[in-house]
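See below for query.pdb, which holds PDB, C-alpha atoms.
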```pdb
MODEL        1
ATOM      1  CA  MET A 276       0.000   0.000   0.000
ATOM      2  CA  TRP A 277       0.954   3.648  -0.121
ATOM      3  CA  LEU A 278       0.673   6.447   2.404
ATOM      4  CA  TYR A 279       0.080   9.934   1.076
ATOM      5  CA  GLN A 280       2.062  12.866   2.426
ATOM      6  CA  LYS A 281       0.412  16.219   1.895
ATOM      7  CA  ASN A 282       3.290  18.196   0.364
ATOM      8  CA  LEU A 283       5.096  18.267  -2.989
ATOM      9  CA  GLU A 284       8.558  16.690  -3.159
ATOM     10  CA  TYR A 285       9.717  19.998  -4.689
ATOM     11  CA  PRO A 286       7.759  23.277  -4.456
ATOM     12  CA  VAL A 287       5.796  24.831  -7.346
ATOM     13  CA  LYS A 288       4.776  28.487  -7.089
ATOM     14  CA  ILE A 289       3.964  30.032 -10.464
ATOM     15  CA  LYS A 290       2.863  33.686 -10.554
ATOM     16  CA  SER A 291       1.808  34.060 -14.223
ATOM     17  CA  PRO A 292      -0.709  31.738 -15.923
ATOM     18  CA  ASN A 293       0.551  30.565 -19.312
ATOM     19  CA  PRO A 294      -1.543  27.985 -21.187
ATOM     20  CA  ALA A 295       1.041  27.880 -24.022
ATOM     21  CA  TYR A 296       3.511  26.333 -21.568
ATOM     22  CA  ALA A 297       0.847  23.993 -20.149
ATOM     23  CA  LYS A 298       0.175  22.736 -23.683
ATOM     24  CA  ILE A 299       3.711  21.334 -24.003
ATOM     25  CA  ILE A 300       4.520  20.438 -20.388
ATOM     26  CA  ILE A 301       1.433  18.201 -20.134
ATOM     27  CA  SER A 302       3.402  15.609 -22.118
ATOM     28  CA  GLN A 303       5.407  14.901 -18.967
ATOM     29  CA  ILE A 304       2.186  13.778 -17.273
ATOM     30  CA  GLY A 305       0.665  11.353 -19.785
ATOM     31  CA  GLY A 306       3.014  11.564 -22.773
ATOM     32  CA  PRO A 307       5.245   8.845 -24.266
ATOM     33  CA  ASP A 308       7.999   9.491 -21.696
ATOM     34  CA  GLY A 309       5.905  11.084 -18.955
ATOM     35  CA  GLU A 310       5.680  10.469 -15.235
ATOM     36  CA  ALA A 311       2.453   8.405 -15.309
ATOM     37  CA  GLY A 312       4.146   5.879 -17.582
ATOM     38  CA  ALA A 313       7.317   5.932 -15.480
ATOM     39  CA  ALA A 314       5.486   5.123 -12.230
ATOM     40  CA  MET A 315       3.394   2.417 -13.924
ATOM     41  CA  ARG A 316       6.427   0.861 -15.628
ATOM     42  CA  TYR A 317       8.604   0.524 -12.512
ATOM     43  CA  LEU A 318       5.904  -0.490 -10.060
ATOM     44  CA  GLN A 319       4.543  -3.152 -12.445
ATOM     45  CA  GLN A 320       7.989  -4.530 -13.335
ATOM     46  CA  ARG A 321       8.643  -5.521  -9.705
ATOM     47  CA  TYR A 322       6.804  -8.814  -9.620
ATOM     48  CA  ALA A 323       9.076 -10.843 -11.916
ATOM     49  CA  MET A 324      12.382  -9.309 -10.765
ATOM     50  CA  PRO A 325      14.722 -12.008  -9.431
ATOM     51  CA  ASP A 326      16.993  -9.653  -7.451
ATOM     52  CA  ARG A 327      15.575  -8.299  -4.174
ATOM     53  CA  ARG A 328      17.755  -5.191  -4.345
ATOM     54  CA  VAL A 329      16.328  -4.321  -7.756
ATOM     55  CA  VAL A 330      12.780  -4.861  -6.438
ATOM     56  CA  GLY A 331      13.577  -2.349  -3.700
ATOM     57  CA  MET A 332      14.854   0.138  -6.245
ATOM     58  CA  LEU A 333      11.800  -0.259  -8.511
ATOM     59  CA  THR A 334       9.536   0.258  -5.482
ATOM     60  CA  ASP A 335      11.327   3.386  -4.310
ATOM     61  CA  ILE A 336      11.892   4.965  -7.745
ATOM     62  CA  GLY A 337       8.335   4.041  -8.835
ATOM     63  CA  THR A 338       7.015   5.766  -5.719
ATOM     64  CA  GLU A 339       9.128   8.852  -6.417
ATOM     65  CA  GLU A 340       7.684   8.942  -9.963
ATOM     66  CA  LEU A 341       4.194   9.238  -8.426
ATOM     67  CA  ALA A 342       5.488  12.294  -6.539
ATOM     68  CA  HIS A 343       6.837  13.662  -9.842
ATOM     69  CA  LEU A 344       3.430  13.128 -11.484
ATOM     70  CA  GLU A 345       2.010  15.365  -8.760
ATOM     71  CA  ILE A 346       4.718  18.036  -9.292
ATOM     72  CA  VAL A 347       4.061  18.229 -13.061
ATOM     73  CA  SER A 348       0.316  18.278 -12.374
ATOM     74  CA  ALA A 349       0.842  21.189  -9.958
ATOM     75  CA  ILE A 350       2.711  23.033 -12.743
ATOM     76  CA  ILE A 351      -0.171  22.502 -15.203
ATOM     77  CA  HIS A 352      -2.749  23.454 -12.557
ATOM     78  CA  GLN A 353      -0.992  26.723 -11.731
ATOM     79  CA  LEU A 354      -0.249  27.564 -15.395
ATOM     80  CA  THR A 355      -3.951  27.222 -16.256
ATOM     81  CA  LYS A 356      -5.502  28.731 -13.131
ATOM     82  CA  ASN A 357      -7.031  32.157 -13.830
ATOM     83  CA  MET A 358      -6.068  32.053 -17.534
ATOM     84  CA  THR A 359      -8.104  34.411 -19.680
ATOM     85  CA  GLU A 360     -10.249  33.464 -22.673
ATOM     86  CA  GLU A 361      -7.944  35.543 -24.832
ATOM     87  CA  GLN A 362      -4.914  33.548 -23.580
ATOM     88  CA  ILE A 363      -6.753  30.253 -24.205
ATOM     89  CA  VAL A 364      -7.379  31.127 -27.860
ATOM     90  CA  SER A 365      -4.088  32.872 -28.669
ATOM     91  CA  SER A 366      -1.971  30.082 -27.082
ATOM     92  CA  GLY A 367      -3.698  27.308 -29.021
ATOM     93  CA  PHE A 368      -4.810  25.771 -25.717
ATOM     94  CA  ASP A 369      -8.403  25.907 -26.988
ATOM     95  CA  THR A 370      -8.307  22.358 -28.412
ATOM     96  CA  TYR A 371      -7.451  21.026 -24.937
ATOM     97  CA  PHE A 372      -9.761  23.460 -23.151
ATOM     98  CA  VAL A 373     -12.834  22.328 -25.065
ATOM     99  CA  ASP A 374     -12.565  18.820 -23.588
ATOM    100  CA  HIS A 375     -10.838  19.369 -20.239
ATOM    101  CA  THR A 376     -11.277  23.066 -19.295
ATOM    102  CA  ALA A 377      -8.651  23.637 -16.570
ATOM    103  CA  GLY A 378      -8.577  19.975 -15.500
ATOM    104  CA  VAL A 379      -5.290  18.058 -15.676
ATOM    105  CA  TYR A 380      -5.786  15.143 -18.092
ATOM    106  CA  PRO A 381      -2.994  12.604 -18.734
ATOM    107  CA  GLN A 382      -2.136  12.970 -22.396
ATOM    108  CA  PHE A 383       0.684  13.547 -24.896
ATOM    109  CA  ALA A 384       1.343  17.166 -25.923
ATOM    110  CA  SER A 385      -0.128  16.133 -29.279
ATOM    111  CA  GLY A 386      -3.440  15.205 -27.611
ATOM    112  CA  VAL A 387      -3.107  11.382 -27.666
ATOM    113  CA  PRO A 388      -4.460  10.049 -24.335
ATOM    114  CA  PHE A 389      -2.084   8.312 -21.935
ATOM    115  CA  THR A 390      -1.538   4.735 -23.033
ATOM    116  CA  ALA A 391       0.211   1.750 -21.456
ATOM    117  CA  SER A 392       1.536   0.964 -24.938
ATOM    118  CA  THR A 393       4.337   3.472 -24.169
ATOM    119  CA  LEU A 394       5.772   1.012 -21.612
ATOM    120  CA  GLN A 395       6.580  -2.659 -21.229
ATOM    121  CA  VAL A 396       6.689  -5.299 -18.511
ATOM    122  CA  THR A 397       8.476  -8.202 -20.175
ATOM    123  CA  GLY A 398       9.118 -10.335 -17.102
ATOM    124  CA  ASP A 399      12.775 -10.505 -18.193
ATOM    125  CA  VAL A 400      15.235  -8.690 -15.936
ATOM    126  CA  PHE A 401      17.683  -7.446 -18.581
ATOM    127  CA  ALA A 402      14.999  -6.460 -21.076
ATOM    128  CA  ASP A 403      13.131  -4.488 -18.386
ATOM    129  CA  LEU A 404      16.197  -2.791 -16.902
ATOM    130  CA  ASN A 405      17.453  -1.734 -20.335
ATOM    131  CA  GLU A 406      14.019  -0.250 -20.996
ATOM    132  CA  ASP A 407      14.265   1.617 -17.683
ATOM    133  CA  LEU A 408      17.627   3.153 -18.625
ATOM    134  CA  ALA A 409      16.178   4.307 -21.955
ATOM    135  CA  ALA A 410      13.069   5.639 -20.204
ATOM    136  CA  GLU A 411      15.128   7.843 -17.868
ATOM    137  CA  GLN A 412      17.104   9.294 -20.776
ATOM    138  CA  LYS A 413      13.952   9.919 -22.809
ATOM    139  CA  ALA A 414      12.355  11.716 -19.863
ATOM    140  CA  ARG A 415      15.545  13.739 -19.329
ATOM    141  CA  LEU A 416      15.693  14.864 -22.963
ATOM    142  CA  THR A 417      11.996  15.784 -22.872
ATOM    143  CA  TYR A 418      12.676  18.025 -19.863
ATOM    144  CA  ASP A 419      15.622  19.500 -21.786
ATOM    145  CA  ASN A 420      13.294  20.237 -24.704
ATOM    146  CA  ILE A 421      10.827  21.906 -22.315
ATOM    147  CA  LEU A 422      13.683  24.039 -20.934
ATOM    148  CA  ARG A 423      14.478  25.150 -24.514
ATOM    149  CA  LEU A 424      10.910  26.447 -24.875
ATOM    150  CA  VAL A 425      10.130  27.919 -21.442
ATOM    151  CA  ASP A 426      11.511  31.224 -20.118
ATOM    152  CA  ASP A 427       9.615  31.712 -16.834
ATOM    153  CA  PRO A 428      12.006  30.940 -13.920
ATOM    154  CA  ASP A 429       9.037  29.871 -11.744
ATOM    155  CA  VAL A 430       8.397  27.061 -14.239
ATOM    156  CA  ARG A 431      12.019  26.280 -15.106
ATOM    157  CA  ASP A 432      13.032  25.718 -11.484
ATOM    158  CA  PRO A 433      10.893  22.618 -10.740
ATOM    159  CA  ILE A 434      11.489  21.339 -14.303
ATOM    160  CA  LYS A 435      15.253  21.463 -13.633
ATOM    161  CA  PHE A 436      14.761  19.491 -10.410
ATOM    162  CA  LEU A 437      12.784  16.823 -12.285
ATOM    163  CA  ARG A 438      15.451  16.677 -14.998
ATOM    164  CA  GLU A 439      18.161  16.063 -12.381
ATOM    165  CA  ARG A 440      16.174  13.198 -10.881
ATOM    166  CA  GLU A 441      16.077  11.453 -14.278
ATOM    167  CA  ILE A 442      19.870  11.478 -14.294
ATOM    168  CA  VAL A 443      20.131  10.040 -10.768
ATOM    169  CA  HIS A 444      17.590   7.329 -11.580
ATOM    170  CA  TYR A 445      19.552   6.479 -14.729
ATOM    171  CA  GLN A 446      22.669   6.017 -12.595
ATOM    172  CA  ARG A 447      20.831   3.764 -10.132
ATOM    173  CA  PHE A 448      19.344   1.597 -12.922
ATOM    174  CA  GLY A 449      22.888   1.281 -14.292
ATOM    175  CA  ASP A 450      23.930  -0.043 -10.875
ATOM    176  CA  ALA A 451      20.975  -2.439 -10.946
ATOM    177  CA  ILE A 452      22.051  -3.924 -14.304
ATOM    178  CA  ARG A 453      25.636  -4.331 -13.128
ATOM    179  CA  LEU A 454      24.604  -6.034  -9.865
ATOM    180  CA  THR A 455      22.238  -8.364 -11.686
ATOM    181  CA  GLN A 456      24.952  -9.280 -14.182
ATOM    182  CA  GLU A 457      27.308 -10.057 -11.296
ATOM    183  CA  SER A 458      24.736 -12.287  -9.630
ATOM    184  CA  PHE A 459      24.542 -14.382 -12.813
ATOM    185  CA  GLU A 460      28.265 -14.465 -13.530
ATOM    186  CA  ASN A 461      28.582 -18.226 -13.014
ATOM    187  CA  LYS A 462      25.937 -18.891 -15.633
ATOM    188  CA  SER A 463      26.796 -18.920 -19.302
ATOM    189  CA  ASN A 464      25.433 -16.263 -21.653
ATOM    190  CA  PHE A 465      22.509 -15.110 -19.498
ATOM    191  CA  TYR A 466      21.428 -12.684 -22.201
ATOM    192  CA  ALA A 467      20.361 -15.649 -24.348
ATOM    193  CA  TYR A 468      17.464 -16.711 -22.118
ATOM    194  CA  ASN A 469      15.134 -15.235 -19.478
ATOM    195  CA  PRO A 470      16.844 -15.742 -16.110
ATOM    196  CA  ALA A 471      13.586 -15.037 -14.260
ATOM    197  CA  PHE A 472      11.684 -17.823 -16.065
ATOM    198  CA  ASP A 473      13.975 -20.360 -17.772
ATOM    199  CA  ARG A 474      15.818 -22.689 -15.382
TER
ATOM    200  CA  MET K  80      16.860  14.282  16.014
ATOM    201  CA  LEU K  81      16.198  17.983  15.919
ATOM    202  CA  ASN K  82      18.975  20.289  14.866
ATOM    203  CA  ASP K  83      19.367  23.794  16.253
ATOM    204  CA  ARG K  84      17.348  25.281  13.428
ATOM    205  CA  ASP K  85      14.341  23.006  14.134
ATOM    206  CA  ARG K  86      14.540  23.779  17.857
ATOM    207  CA  GLY K  87      14.601  27.452  16.942
ATOM    208  CA  TYR K  88      11.304  26.969  15.062
ATOM    209  CA  THR K  89       9.573  25.460  18.071
ATOM    210  CA  GLN K  90      10.881  28.156  20.409
ATOM    211  CA  ARG K  91       9.960  31.027  18.111
ATOM    212  CA  GLY K  92       6.548  29.658  17.272
ATOM    213  CA  MET K  93       8.231  29.228  13.905
ATOM    214  CA  CYS K  94       7.736  30.131  10.297
ATOM    215  CA  LYS K  95       5.466  27.761   8.391
ATOM    216  CA  ALA K  96       7.224  28.216   5.046
ATOM    217  CA  ASP K  97      10.666  27.585   6.551
ATOM    218  CA  LEU K  98       9.491  24.462   8.320
ATOM    219  CA  MET K  99       7.878  23.106   5.136
ATOM    220  CA  ARG K 100      11.117  23.822   3.298
ATOM    221  CA  ARG K 101      12.989  21.852   5.952
ATOM    222  CA  ILE K 102      10.515  18.948   5.598
ATOM    223  CA  ARG K 103      11.051  18.908   1.824
ATOM    224  CA  GLU K 104      14.836  18.980   2.209
ATOM    225  CA  LEU K 105      14.839  16.148   4.758
ATOM    226  CA  GLY K 106      12.289  14.168   2.745
ATOM    227  CA  PHE K 107      14.482  14.500  -0.320
ATOM    228  CA  ALA K 108      17.571  13.362   1.620
ATOM    229  CA  VAL K 109      15.646  10.288   2.812
ATOM    230  CA  ILE K 110      14.463   9.387  -0.722
ATOM    231  CA  GLU K 111      17.932   9.797  -2.184
ATOM    232  CA  ALA K 112      19.679   7.817   0.560
ATOM    233  CA  ARG K 113      17.054   5.049   0.411
ATOM    234  CA  ILE K 114      17.487   4.576  -3.347
ATOM    235  CA  TYR K 115      21.273   4.505  -2.939
ATOM    236  CA  LEU K 116      21.059   1.953  -0.108
ATOM    237  CA  ASP K 117      18.831  -0.337  -2.190
ATOM    238  CA  VAL K 118      21.934  -1.391  -4.113
ATOM    239  CA  TYR K 119      24.944  -0.238  -2.052
ATOM    240  CA  ASP K 120      25.974  -1.539   1.350
ATOM    241  CA  SER K 121      27.319   1.526   3.169
ATOM    242  CA  ALA K 122      27.529   2.212   6.904
ATOM    243  CA  ASP K 123      27.940   5.942   6.219
ATOM    244  CA  ALA K 124      24.841   6.075   4.037
ATOM    245  CA  SER K 125      22.855   4.007   6.592
ATOM    246  CA  HIS K 126      23.833   6.415   9.338
ATOM    247  CA  TYR K 127      22.922   9.376   7.113
ATOM    248  CA  LEU K 128      19.500   7.852   6.358
ATOM    249  CA  GLU K 129      18.795   7.186  10.034
ATOM    250  CA  GLU K 130      19.736  10.734  11.000
ATOM    251  CA  LYS K 131      17.675  12.351   8.232
ATOM    252  CA  SER K 132      14.617  10.158   8.750
ATOM    253  CA  ASN K 133      14.580  10.862  12.500
ATOM    254  CA  ALA K 134      14.883  14.586  11.825
ATOM    255  CA  LEU K 135      12.104  14.333   9.206
ATOM    256  CA  ALA K 136       9.748  12.581  11.631
ATOM    257  CA  GLU K 137      10.320  15.258  14.257
ATOM    258  CA  ALA K 138       9.961  18.137  11.796
ATOM    259  CA  CYS K 139       6.682  16.617  10.488
ATOM    260  CA  SER K 140       5.429  16.209  14.033
ATOM    261  CA  ILE K 141       6.141  19.871  14.850
ATOM    262  CA  TYR K 142       4.488  20.962  11.596
ATOM    263  CA  GLU K 143       1.371  18.873  12.284
ATOM    264  CA  GLN K 144       0.980  20.282  15.787
ATOM    265  CA  GLU K 145       1.195  23.835  14.509
ATOM    266  CA  PHE K 146      -0.231  23.834  10.984
ATOM    267  CA  GLY K 147      -2.337  20.730  10.278
ATOM    268  CA  PRO K 148      -1.951  17.154   9.114
ATOM    269  CA  LEU K 149       0.593  15.903   6.574
ATOM    270  CA  THR K 150      -0.596  12.281   6.566
ATOM    271  CA  VAL K 151      -3.939  10.552   7.048
ATOM    272  CA  SER K 152      -2.771   9.102  10.363
ATOM    273  CA  ALA K 153      -1.986  12.514  11.877
ATOM    274  CA  GLN K 154      -3.946  13.498  14.973
ATOM    275  CA  ALA K 155      -4.240  17.113  13.813
ATOM    276  CA  SER K 156      -7.490  18.294  12.238
ATOM    277  CA  GLY K 157      -7.722  20.091   8.905
ATOM    278  CA  TRP K 158      -7.028  17.353   6.335
ATOM    279  CA  VAL K 159      -9.490  18.853   3.870
ATOM    280  CA  GLU K 160      -9.320  22.473   5.050
ATOM    281  CA  THR K 161      -5.567  23.104   4.681
ATOM    282  CA  PRO K 162      -4.253  23.766   1.129
ATOM    283  CA  TRP K 163      -3.505  20.797  -1.144
ATOM    284  CA  PRO K 164       0.089  20.437  -2.348
ATOM    285  CA  TRP K 165      -0.589  21.646  -5.904
ATOM    286  CA  GLU K 166      -2.129  24.900  -4.722
ATOM    287  CA  SER K 167       0.207  27.872  -4.931
ATOM    288  CA  GLU K 168      -0.390  28.865  -1.299
ATOM    289  CA  ALA K 169       0.931  25.485  -0.069
ATOM    290  CA  ASN K 170       4.331  26.157  -1.668
TER
ENDMDL
END
```
Would you kindly transcribe this structure into structure tokens?
Amino acid sequence: MWLYQKNLEYPVKIKSPNPAYAKIIISQIGGPDGEAGAAMRYLQQRYAMPDRRVVGMLTDIGTEELAHLEIVSAIIHQLTKNMTEEQIVSSGFDTYFVDHTAGVYPQFASGVPFTASTLQVTGDVFADLNEDLAAEQKARLTYDNILRLVDDPDVRDPIKFLREREIVHYQRFGDAIRLTQESFENKSNFYAYNPAFDR
Amino acid sequence: MLNDRDRGYTQRGMCKADLMRRIRELGFAVIEARIYLDVYDSADASHYLEEKSNALAEACSIYEQEFGPLTVSAQASGWVETPWPWESEAN
């Protein structure tokens, strides 16, 4: 189970509404490399992981991704709170607004709804951990792309925090692959079968 | 364990924003140390985690007494009345 704590992992305090920014940043909620997919991926990969240390890491990083989902949602909420009708139309936010108003819906920036087809749970330790490394890099580069497009320091600050966390998670998943490789070192060519299923 | 700064908060009747900042900092230290310790065996990191998580528990307890609940199990009232984390005034 999970216990909720009633504060953000990192603060979000945005003074100026800006639906143009919300339109792109929403991809880090329900987009192809967003936080909803990250949390779902890691938490659901735990069950077939043979190494207890890696299960611990997937639990703790998966939980942190839920906190990141809430941070990005706070950014969208504050960017769209008190926006004017003129801002909605001129920013191109109108196509989102018509369906979701100022609600925070998990979707790609392009409008595609969040889908579990952006992630995998293969039940194979090396396949899953390599996906996790790629996922952290893809999320990091998406935050970098957001930073190329956003000037407001109130928005950039929490985005930079989230970007840094992708790098740390990448490092930890690298450790997880190395440790798992070491635990199989007496077995021959463990990349040629599924060590969690084949005996 | 409380450091001097936390004790200062309790004695001064404290600043809500500063105490929340302290809770976020300690919470972050706990998350980071926990993830590190999942795969590394380190007495230093274990000691660091213990110190930070004790300080976090005490800081949360002070906050809850003064400003309202942070978790569902808190004794303090105000779970639905105090600002939610995504609201600007909570940050």
Selection result for the PyMOL selection byres ((chain A) within 9 of (chain K)) on this file, as a compact mmCIF listing (two decimals) with C-alpha atoms, keeping the file's coordinate frame:
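selection25.txt, written as the output of this step:
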```txt
# COMPACT_ATOMS: atom_id res chain seq x y z
CA LEU A 278 0.67 6.45 2.40
CA TYR A 279 0.08 9.93 1.08
CA GLN A 280 2.06 12.87 2.43
CA LYS A 281 0.41 16.22 1.90
CA ASN A 282 3.29 18.20 0.36
CA LEU A 283 5.10 18.27 -2.99
CA GLU A 284 8.56 16.69 -3.16
CA TYR A 285 9.72 20.00 -4.69
CA PRO A 286 7.76 23.28 -4.46
CA VAL A 287 5.80 24.83 -7.35
CA LYS A 288 4.78 28.49 -7.09
CA ILE A 289 3.96 30.03 -10.46
CA LYS A 290 2.86 33.69 -10.55
CA ARG A 327 15.58 -8.30 -4.17
CA ARG A 328 17.76 -5.19 -4.34
CA VAL A 329 16.33 -4.32 -7.76
CA VAL A 330 12.78 -4.86 -6.44
CA GLY A 331 13.58 -2.35 -3.70
CA MET A 332 14.85 0.14 -6.24
CA ASP A 335 11.33 3.39 -4.31
CA ILE A 336 11.89 4.96 -7.74
CA GLU A 339 9.13 8.85 -6.42
CA GLU A 345 2.01 15.36 -8.76
CA ILE A 346 4.72 18.04 -9.29
CA SER A 348 0.32 18.28 -12.37
CA ALA A 349 0.84 21.19 -9.96
CA ILE A 350 2.71 23.03 -12.74
CA HIS A 352 -2.75 23.45 -12.56
CA GLN A 353 -0.99 26.72 -11.73
CA VAL A 443 20.13 10.04 -10.77
CA HIS A 444 17.59 7.33 -11.58
CA ARG A 447 20.83 3.76 -10.13
CA ASP A 450 23.93 -0.04 -10.88
CA ALA A 451 20.98 -2.44 -10.95
CA LEU A 454 24.60 -6.03 -9.86
```
What's the separation between CA of Asn469 in chain A and CA of Arg453 in chain A, in Å to one decimal place?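 For CA of Asn469 in chain A relative to CA of Arg453 in chain A, the distance reads 16.4 Å.
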To one decimal in Å, tell me the separation between CA of Glu143 in chain K and CA of Ala342 in chain A.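 We find that CA of Glu143 in chain K and CA of Ala342 in chain A lie 20.4 Å from each other.
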Centre and edge lengths of an axis-aligned box around all listed atoms of range 381-385 of chain A, with 3 Å added on each side, are to be given in Å to one decimal, as AutoDock Vina command-line options.
```
--center_x -0.8 --center_y 14.9 --center_z -24.0 --size_x 10.3 --size_y 10.6 --size_z 16.5
```
Neighbouring residues of Ala471 in chain A were defined as those with any atom within 7 Å, considering all atoms listed in the file; residues of the same chain fewer than 2 positions away were excluded. Please report them as an NGL selection string. :A and (323-325 or 399-400 or 469 or 473)
Atomic separation - CA of Ile452 in chain A relative to CA of Leu333 in chain A, Å: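 Rounded to one decimal, the two atoms are 12.3 Å apart.
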Excluding Ser366 in chain A and its own-chain neighbours fewer than 3 positions away, which residues fall within 7 Å of it when counting all atoms listed in the file? Please give them as a PyMOL selection string. chain A and resi 294-295+362-363
Nearest to Phe146 in chain K: which of K:Glu160, K:Ala122, K:Lys131, K:Arg101 is it, counting only C-alpha atoms?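 So, comparing all the options, the nearest one is K:Glu160.
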Saving range 331-355 of chain A with C-alpha atoms, as an mmCIF file, in the first residue's frame, what would that file be?
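Output contents, as saved in decode17.cif:
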```
data_model
loop_
_atom_site.group_PDB
_atom_site.id
_atom_site.type_symbol
_atom_site.label_atom_id
_atom_site.label_comp_id
_atom_site.auth_asym_id
_atom_site.auth_seq_id
_atom_site.Cartn_x
_atom_site.Cartn_y
_atom_site.Cartn_z
ATOM 1 C CA GLY A 331 13.577 -2.349 -3.700
ATOM 2 C CA MET A 332 14.854 0.138 -6.245
ATOM 3 C CA LEU A 333 11.800 -0.259 -8.511
ATOM 4 C CA THR A 334 9.536 0.258 -5.482
ATOM 5 C CA ASP A 335 11.327 3.386 -4.310
ATOM 6 C CA ILE A 336 11.892 4.965 -7.745
ATOM 7 C CA GLY A 337 8.335 4.041 -8.835
ATOM 8 C CA THR A 338 7.015 5.766 -5.719
ATOM 9 C CA GLU A 339 9.128 8.852 -6.417
ATOM 10 C CA GLU A 340 7.684 8.942 -9.963
ATOM 11 C CA LEU A 341 4.194 9.238 -8.426
ATOM 12 C CA ALA A 342 5.488 12.294 -6.539
ATOM 13 C CA HIS A 343 6.837 13.662 -9.842
ATOM 14 C CA LEU A 344 3.430 13.128 -11.484
ATOM 15 C CA GLU A 345 2.010 15.365 -8.760
ATOM 16 C CA ILE A 346 4.718 18.036 -9.292
ATOM 17 C CA VAL A 347 4.061 18.229 -13.061
ATOM 18 C CA SER A 348 0.316 18.278 -12.374
ATOM 19 C CA ALA A 349 0.842 21.189 -9.958
ATOM 20 C CA ILE A 350 2.711 23.033 -12.743
ATOM 21 C CA ILE A 351 -0.171 22.502 -15.203
ATOM 22 C CA HIS A 352 -2.749 23.454 -12.557
ATOM 23 C CA GLN A 353 -0.992 26.723 -11.731
ATOM 24 C CA LEU A 354 -0.249 27.564 -15.395
ATOM 25 C CA THR A 355 -3.951 27.222 -16.256
#
```
